[in-house]
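The next block is my_file_35.txt, given as compact mmCIF, C-alpha atoms.
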# COMPACT_ATOMS: atom_id res chain seq x y z
CA MET X 197 76.42 -94.36 5.14
CA LYS X 198 77.67 -91.07 6.48
CA ASN X 199 75.51 -89.15 4.00
CA LYS X 200 72.45 -91.13 5.11
CA GLN X 201 73.16 -90.23 8.75
CA ILE X 202 73.45 -86.57 7.84
CA LEU X 203 70.18 -86.67 5.87
CA PHE X 204 68.46 -88.49 8.75
CA SER X 205 69.70 -85.86 11.22
CA ILE X 206 68.44 -83.02 9.01
CA ALA X 207 65.03 -84.70 8.64
CA LEU X 208 64.81 -85.31 12.39
CA PHE X 209 65.69 -81.66 13.10
CA ALA X 210 63.05 -80.48 10.62
CA LEU X 211 60.37 -82.69 12.19
CA SER X 212 61.36 -81.50 15.65
CA SER X 213 61.12 -77.88 14.53
CA ILE X 214 57.65 -78.46 13.11
CA PHE X 215 56.54 -80.14 16.34
CA ILE X 216 57.93 -77.34 18.48
CA PHE X 217 56.30 -74.70 16.26
CA SER X 218 52.97 -76.52 16.46
CA CYS X 219 53.13 -76.69 20.23
CA ALA X 220 54.01 -73.02 20.42
CA SER X 221 51.13 -72.05 18.12
CA THR X 222 48.33 -73.92 19.86
CA SER X 223 46.95 -73.93 23.37
CA SER X 224 45.17 -76.52 25.46
CA THR X 225 43.34 -73.78 27.35
CA LYS X 226 39.67 -73.34 26.50
CA LEU X 227 38.22 -69.97 25.53
CA SER X 228 35.95 -69.99 28.59
CA GLU X 229 38.97 -70.59 30.83
CA ALA X 230 41.20 -68.02 29.15
CA TYR X 231 38.53 -65.28 28.97
CA PRO X 232 35.92 -65.93 31.68
CA ALA X 233 34.53 -62.38 31.51
CA PHE X 234 32.95 -63.23 28.15
CA TYR X 235 30.99 -66.15 29.60
CA GLY X 236 29.53 -64.69 32.80
CA GLU X 237 25.99 -63.54 33.52
CA THR X 238 26.58 -60.20 31.78
CA PRO X 239 28.96 -60.79 28.86
CA PRO X 240 30.17 -57.68 26.99
CA VAL X 241 28.01 -56.52 24.09
CA SER X 242 29.55 -53.28 22.79
CA ILE X 243 33.16 -52.34 22.10
CA LEU X 244 34.66 -48.89 21.59
CA VAL X 245 37.84 -48.91 19.50
CA MET X 246 40.34 -46.43 20.87
CA PRO X 247 42.82 -44.70 18.51
CA PRO X 248 45.76 -47.12 18.15
CA ILE X 249 49.02 -46.36 19.92
CA ASN X 250 51.59 -46.13 17.14
CA LEU X 251 55.14 -46.91 18.27
CA THR X 252 56.55 -47.08 14.73
CA ASN X 253 57.90 -44.51 12.27
CA ASN X 254 55.01 -45.08 9.86
CA VAL X 255 52.63 -42.24 10.66
CA ASP X 256 49.76 -43.80 8.67
CA ALA X 257 49.80 -47.15 10.48
CA LYS X 258 47.48 -45.73 13.14
CA ASP X 259 44.74 -45.03 10.59
CA TYR X 260 45.26 -48.38 8.82
CA PHE X 261 44.32 -50.22 11.99
CA TYR X 262 41.74 -47.86 13.43
CA TYR X 263 39.43 -47.95 10.41
CA THR X 264 39.66 -51.72 9.87
CA LEU X 265 38.93 -52.99 13.38
CA GLN X 266 35.17 -52.41 13.38
CA ALA X 267 34.48 -55.07 10.74
CA VAL X 268 36.20 -57.93 12.55
CA LEU X 269 34.46 -57.02 15.82
CA ALA X 270 31.08 -56.90 14.08
CA ASN X 271 31.76 -60.21 12.39
CA ASN X 272 32.49 -61.67 15.83
CA GLY X 273 29.06 -60.58 17.02
CA TYR X 274 29.74 -57.31 18.86
CA TYR X 275 28.32 -53.84 18.45
CA SER X 276 31.28 -51.67 17.50
CA PHE X 277 30.79 -47.93 17.47
CA PRO X 278 31.26 -46.25 14.05
CA PRO X 279 34.89 -45.09 13.82
CA LEU X 280 34.27 -41.64 12.31
CA LEU X 281 31.68 -40.61 14.89
CA SER X 282 33.69 -42.18 17.70
CA MET X 283 36.82 -40.30 16.68
CA GLN X 284 34.95 -37.00 16.59
CA THR X 285 33.51 -37.59 20.06
CA LEU X 286 36.90 -38.63 21.45
CA GLN X 287 38.56 -35.52 20.06
CA GLU X 288 35.83 -33.27 21.45
CA ASN X 289 36.36 -34.81 24.89
CA SER X 290 40.19 -34.61 24.79
CA ALA X 291 40.47 -38.38 24.68
CA TYR X 292 42.32 -38.82 21.40
CA ASP X 293 45.60 -39.96 23.01
CA SER X 294 44.94 -43.53 24.08
CA GLU X 295 48.25 -43.67 25.96
CA LEU X 296 46.65 -41.56 28.69
CA PHE X 297 43.94 -44.16 29.34
CA LEU X 298 45.66 -47.47 28.68
CA GLU X 299 46.22 -48.07 32.38
CA GLY X 300 43.97 -45.36 33.82
CA ASN X 301 40.35 -45.04 34.85
CA ILE X 302 38.11 -45.73 31.84
CA SER X 303 34.67 -45.70 33.50
CA ARG X 304 33.85 -42.36 31.83
CA PHE X 305 33.85 -44.10 28.44
CA GLY X 306 31.20 -46.47 29.67
CA GLN X 307 29.08 -43.50 30.73
CA LEU X 308 29.69 -41.44 27.59
CA PHE X 309 29.35 -44.17 24.96
CA GLY X 310 27.59 -46.98 26.79
CA ALA X 311 30.53 -49.21 25.84
CA ASP X 312 31.20 -52.40 27.77
CA LEU X 313 34.78 -52.73 26.56
CA LEU X 314 37.53 -50.50 25.23
CA LEU X 315 39.91 -51.94 22.64
CA PHE X 316 43.44 -50.56 22.84
CA THR X 317 45.86 -51.41 20.06
CA LYS X 318 49.64 -51.04 20.11
CA ILE X 319 51.50 -51.06 16.80
CA THR X 320 55.06 -52.02 17.67
CA GLU X 321 56.44 -52.76 14.20
CA TRP X 322 55.63 -51.81 10.61
CA GLY X 323 58.29 -52.51 8.00
CA LYS X 324 57.77 -53.17 4.31
CA HIS X 325 60.15 -55.01 1.98
CA PRO X 326 59.56 -53.87 -1.64
CA VAL X 327 61.78 -56.56 -3.17
CA GLY X 328 60.30 -59.53 -1.34
CA GLY X 329 56.78 -58.18 -1.21
CA HIS X 330 56.27 -58.53 2.55
CA VAL X 331 55.20 -56.28 5.41
CA ASP X 332 56.31 -57.15 8.94
CA VAL X 333 53.79 -56.04 11.55
CA GLY X 334 54.06 -56.12 15.33
CA ILE X 335 50.69 -55.70 17.02
CA GLU X 336 49.09 -55.98 20.46
CA TYR X 337 45.37 -55.98 21.27
CA ILE X 338 44.13 -55.14 24.78
CA PHE X 339 40.43 -55.25 25.78
CA ARG X 340 39.52 -53.54 29.07
CA SER X 341 36.20 -53.51 30.88
CA THR X 342 34.73 -50.05 31.49
CA SER X 343 32.92 -51.29 34.60
CA THR X 344 35.78 -53.08 36.38
CA GLY X 345 38.83 -51.66 34.62
CA GLU X 346 40.34 -55.13 34.26
CA THR X 347 41.94 -56.47 31.11
CA VAL X 348 39.63 -59.23 29.90
CA TYR X 349 41.50 -60.13 26.71
CA SER X 350 44.99 -59.47 25.40
CA ARG X 351 47.02 -60.91 22.55
CA LYS X 352 50.21 -59.78 20.85
CA GLY X 353 52.57 -61.00 18.20
CA THR X 354 54.33 -60.45 14.90
CA ILE X 355 52.75 -61.05 11.51
CA ASP X 356 54.50 -61.51 8.18
CA CYS X 357 51.97 -60.22 5.65
CA ASP X 358 52.65 -61.36 2.08
CA THR X 359 51.88 -58.72 -0.55
CA SER X 360 53.75 -60.45 -3.37
CA PHE X 361 52.49 -60.94 -6.91
CA LYS X 362 52.74 -64.33 -8.66
CA THR X 363 51.91 -65.12 -12.27
CA GLY X 364 52.10 -68.88 -11.77
CA PHE X 365 54.80 -69.27 -14.43
CA GLY X 366 57.77 -68.74 -12.15
CA SER X 367 57.73 -72.35 -10.95
CA GLY X 368 58.26 -73.67 -14.48
CA GLY X 369 61.57 -74.41 -16.14
CA GLY X 370 63.46 -73.05 -19.10
CA LEU X 371 62.90 -69.67 -20.69
CA LEU X 372 59.21 -69.55 -19.69
CA GLY X 373 60.12 -70.10 -16.05
CA LEU X 374 62.78 -67.38 -16.18
CA ILE X 375 60.32 -64.95 -17.75
CA GLY X 376 57.79 -65.90 -15.09
CA LEU X 377 60.26 -65.19 -12.29
CA LEU X 378 61.09 -61.83 -13.81
CA ALA X 379 57.40 -60.98 -14.20
CA ASP X 380 56.79 -62.00 -10.57
CA ALA X 381 59.62 -59.77 -9.37
CA ILE X 382 58.41 -56.78 -11.36
CA GLY X 383 54.80 -57.41 -10.38
CA THR X 384 55.69 -57.77 -6.71
CA ALA X 385 57.67 -54.51 -6.70
CA ALA X 386 54.79 -52.67 -8.39
CA LYS X 387 52.12 -54.25 -6.19
CA THR X 388 54.03 -53.59 -2.97
CA ALA X 389 54.65 -49.98 -3.95
CA ALA X 390 50.93 -49.49 -4.63
CA THR X 391 49.61 -51.75 -1.87
CA ASP X 392 46.49 -50.64 -0.08
CA TYR X 393 47.90 -51.05 3.41
CA THR X 394 44.43 -51.05 4.90
CA ALA X 395 44.25 -54.58 3.43
CA VAL X 396 47.39 -55.47 5.38
CA ALA X 397 45.93 -54.12 8.62
CA ARG X 398 42.59 -55.84 7.97
CA SER X 399 44.32 -59.17 7.38
CA CYS X 400 46.29 -58.77 10.61
CA ASN X 401 43.13 -58.00 12.59
CA TYR X 402 41.22 -60.97 11.21
CA ALA X 403 44.14 -63.38 11.55
CA THR X 404 44.60 -62.41 15.21
CA LEU X 405 41.03 -62.00 16.45
CA ALA X 406 38.56 -63.81 14.18
CA ASN X 407 39.22 -67.31 15.51
CA ASP X 408 40.27 -66.43 19.04
CA LEU X 409 38.03 -63.67 20.40
CA PRO X 410 34.94 -65.27 22.00
CA ALA X 411 31.75 -64.86 19.98
CA GLY X 412 29.57 -61.87 20.89
CA LYS X 413 25.83 -61.61 21.45
CA TYR X 414 24.97 -61.12 17.76
CA ALA X 415 26.96 -64.10 16.45
CA PRO X 416 25.16 -67.42 15.83
CA ASN X 417 27.69 -69.32 17.98
CA PHE X 418 27.33 -66.96 20.96
CA GLY X 419 27.77 -68.82 24.24
CA THR X 420 28.59 -72.13 22.55
CA ASP X 421 32.28 -71.65 21.70
CA GLY X 422 33.64 -71.86 25.25
CA GLU X 423 35.08 -75.33 24.67
CA ASN X 424 37.16 -74.15 21.70
CA ALA X 425 40.90 -73.88 22.23
CA ALA X 426 42.22 -70.40 22.90
CA GLY X 427 45.11 -69.10 20.85
CA VAL X 428 48.46 -68.47 22.48
CA ALA X 429 48.83 -65.04 24.07
CA SER X 430 52.06 -64.33 22.17
CA PHE X 431 52.28 -65.53 18.58
CA LYS X 432 54.09 -65.34 15.26
CA MET X 433 52.24 -66.03 12.01
CA SER X 434 52.15 -65.42 8.26
CA VAL X 435 49.15 -64.22 6.25
CA SER X 436 48.47 -62.96 2.75
CA ALA X 437 47.25 -59.40 2.29
CA GLY X 438 43.68 -59.34 1.08
CA THR X 439 42.94 -62.84 2.37
CA TYR X 440 40.13 -61.47 4.49
CA GLY X 441 37.32 -59.32 3.17
CA ASP X 442 35.55 -56.53 5.00
CA GLN X 443 32.05 -58.02 4.90
CA VAL X 444 30.05 -57.41 8.04
CA TYR X 445 27.62 -60.19 8.86
CA TYR X 446 26.40 -59.60 12.40
CA VAL X 447 25.55 -55.93 12.84
CA PRO X 448 22.72 -55.31 15.32
CA LEU X 449 19.96 -52.86 14.49
CA VAL X 450 20.92 -49.60 16.16
CA SER X 451 17.38 -48.97 17.41
CA GLU X 452 17.40 -52.32 19.24
CA ASP X 453 20.79 -52.00 20.89
CA GLU X 454 20.47 -51.04 24.54
CA ASN X 455 23.99 -49.63 24.62
CA VAL X 456 23.19 -47.13 21.91
CA GLN X 457 20.11 -46.14 23.86
CA LYS X 458 22.36 -45.51 26.85
CA GLN X 459 24.64 -43.39 24.68
CA ASN X 460 21.72 -41.30 23.44
CA THR X 461 20.52 -40.80 26.99
CA ALA X 462 23.98 -39.78 28.17
CA SER X 463 24.32 -37.24 25.34
CA GLY X 464 20.85 -35.81 25.96
CA ASN X 465 19.31 -36.97 22.65

If you took the structure in this file and wrote it as structure tokens, what would it be?
Amino acid sequence: MKNKQILFSIALFALSSIFIFSCASTSSTKLSEAYPAFYGETPPVSILVMPPINLTNNVDAKDYFYYTLQAVLANNGYYSFPPLLSMQTLQENSAYDSELFLEGNISRFGQLFGADLLLFTKITEWGKHPVGGHVDVGIEYIFRSTSTGETVYSRKGTIDCDTSFKTGFGSGGGLLGLIGLLADAIGTAAKTAATDYTAVARSCNYATLANDLPAGKYAPNFGTDGENAAGVASFKMSVSAGTYGDQVYYVPLVSEDENVQKQNTASGN
């Protein structure tokens, strides 16, 4: 009887934990309520990705994120300025250090690029675990309007990105299962050591933004997703590296984008 009570208590605790986690991971707030700036008369069309602010010891983490953000923004229906050309222009205008503009006046970027929003990214954690095949990432995304200076969207959290390798035999029993576990361990160590960490960054970007950032002008569900539930502002999740591809579906024609025309006019072209 005592053992049954213990098992019942454990099961009840597990169910309670799942319920609490579910509540913490979802929100009853609608996208249109959480991010009203995206549903007004002049919703943002173009986004300039600023060089990420890297607060970790991994010097390459900044590049991992910078060059993988454009795809998820384009897939969400926004015009995102090409990273290589943007970086060159930012460097030429002494605007490479995003820390200087995170809370400052950003109207000049609207004039120079014709961008409606600036995307600031803070990388707060980047730690890889070769044995377990995981990368722990702490990330924060901040979207600011170049016309008003206000923050129109922000989300931060920690992501456990699985880079492990599995043969499928490790779950079996006997000698075959043991060999499978050994092969998984060796494969995971090799895969983690040779991981393309741009895939990790890409997966983090898609997992955080793809289903929460309101759809932009060039997405088929533009203006119709306001009733969808917004994600929680602070989150913790797990993803698998390489889960998300880098296909770009909704890229506007440059010649038809009024923001690019503004940029050309501002630069004298």

Which residues are near Asp256 of chain X? Cut-off 12 Å, only C-alpha atoms, ignore same chain within fewer than 3 positions. Put them as a count of residues only. 17

With segment 225-239 of chain X as the partner and 9 Å as the cut-off, tabulate the residues of segment 292-356 of chain X that qualify, each row holding the nearest pair of atoms and their distance in Å to one decimal, using only C-alpha atoms, sorted by chain and rising number, as JSON lines.
{"residue": "X:Asp312", "atom": "CA", "partner": "X:Pro239", "partner_atom": "CA", "distance": 8.8}
{"residue": "X:Val348", "atom": "CA", "partner": "X:Ala233", "partner_atom": "CA", "distance": 6.2}
{"residue": "X:Tyr349", "atom": "CA", "partner": "X:Tyr231", "partner_atom": "CA", "distance": 6.4}

Output file for the selection above: C-alpha atoms, as a PDB file, in the frame of the given file:
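Just written: result_25.pdb:
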ATOM      1  CA  ASP X 312      31.200 -52.400  27.770  1.00  0.00           C
ATOM      2  CA  VAL X 348      39.630 -59.230  29.900  1.00  0.00           C
ATOM      3  CA  TYR X 349      41.500 -60.130  26.710  1.00  0.00           C
TER       4      TYR X 349
END

Within 9 Å of Asp421 of chain X, counting only C-alpha atoms, which residues show up once you throw out same-chain ones fewer than 2 positions away? Write them as a list in words, please. Lys226, Leu227, Ser228, Pro410, Ala411, Asn417, Phe418, Gly419, Glu423, Asn424 and Ala425 of chain X

Starting from the point (30.8, -50.5, 25.3), work out which residues of protein, DNA or RNA have an atom no more than 10 Å away when counting all atoms listed in the file; state them as a count of residues only. 29

Neighbours of segment 329-336 of chain X within 8 Å (only C-alpha atoms; same-chain residues fewer than 4 positions away dropped), as a compact mmCIF listing (two decimals) with C-alpha atoms, in the frame of the given file?
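Below is the file result31.txt, written as the result:
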# COMPACT_ATOMS: atom_id res chain seq x y z
CA THR X 317 45.86 -51.41 20.06
CA LYS X 318 49.64 -51.04 20.11
CA ILE X 319 51.50 -51.06 16.80
CA THR X 320 55.06 -52.02 17.67
CA GLU X 321 56.44 -52.76 14.20
CA TRP X 322 55.63 -51.81 10.61
CA GLY X 323 58.29 -52.51 8.00
CA LYS X 324 57.77 -53.17 4.31
CA HIS X 325 60.15 -55.01 1.98
CA SER X 350 44.99 -59.47 25.40
CA ARG X 351 47.02 -60.91 22.55
CA LYS X 352 50.21 -59.78 20.85
CA GLY X 353 52.57 -61.00 18.20
CA THR X 354 54.33 -60.45 14.90
CA ILE X 355 52.75 -61.05 11.51
CA ASP X 356 54.50 -61.51 8.18
CA CYS X 357 51.97 -60.22 5.65
CA ASP X 358 52.65 -61.36 2.08
CA THR X 359 51.88 -58.72 -0.55
CA SER X 360 53.75 -60.45 -3.37
CA PHE X 361 52.49 -60.94 -6.91
CA THR X 384 55.69 -57.77 -6.71
CA ALA X 385 57.67 -54.51 -6.70
CA LYS X 387 52.12 -54.25 -6.19
CA THR X 388 54.03 -53.59 -2.97
CA VAL X 396 47.39 -55.47 5.38
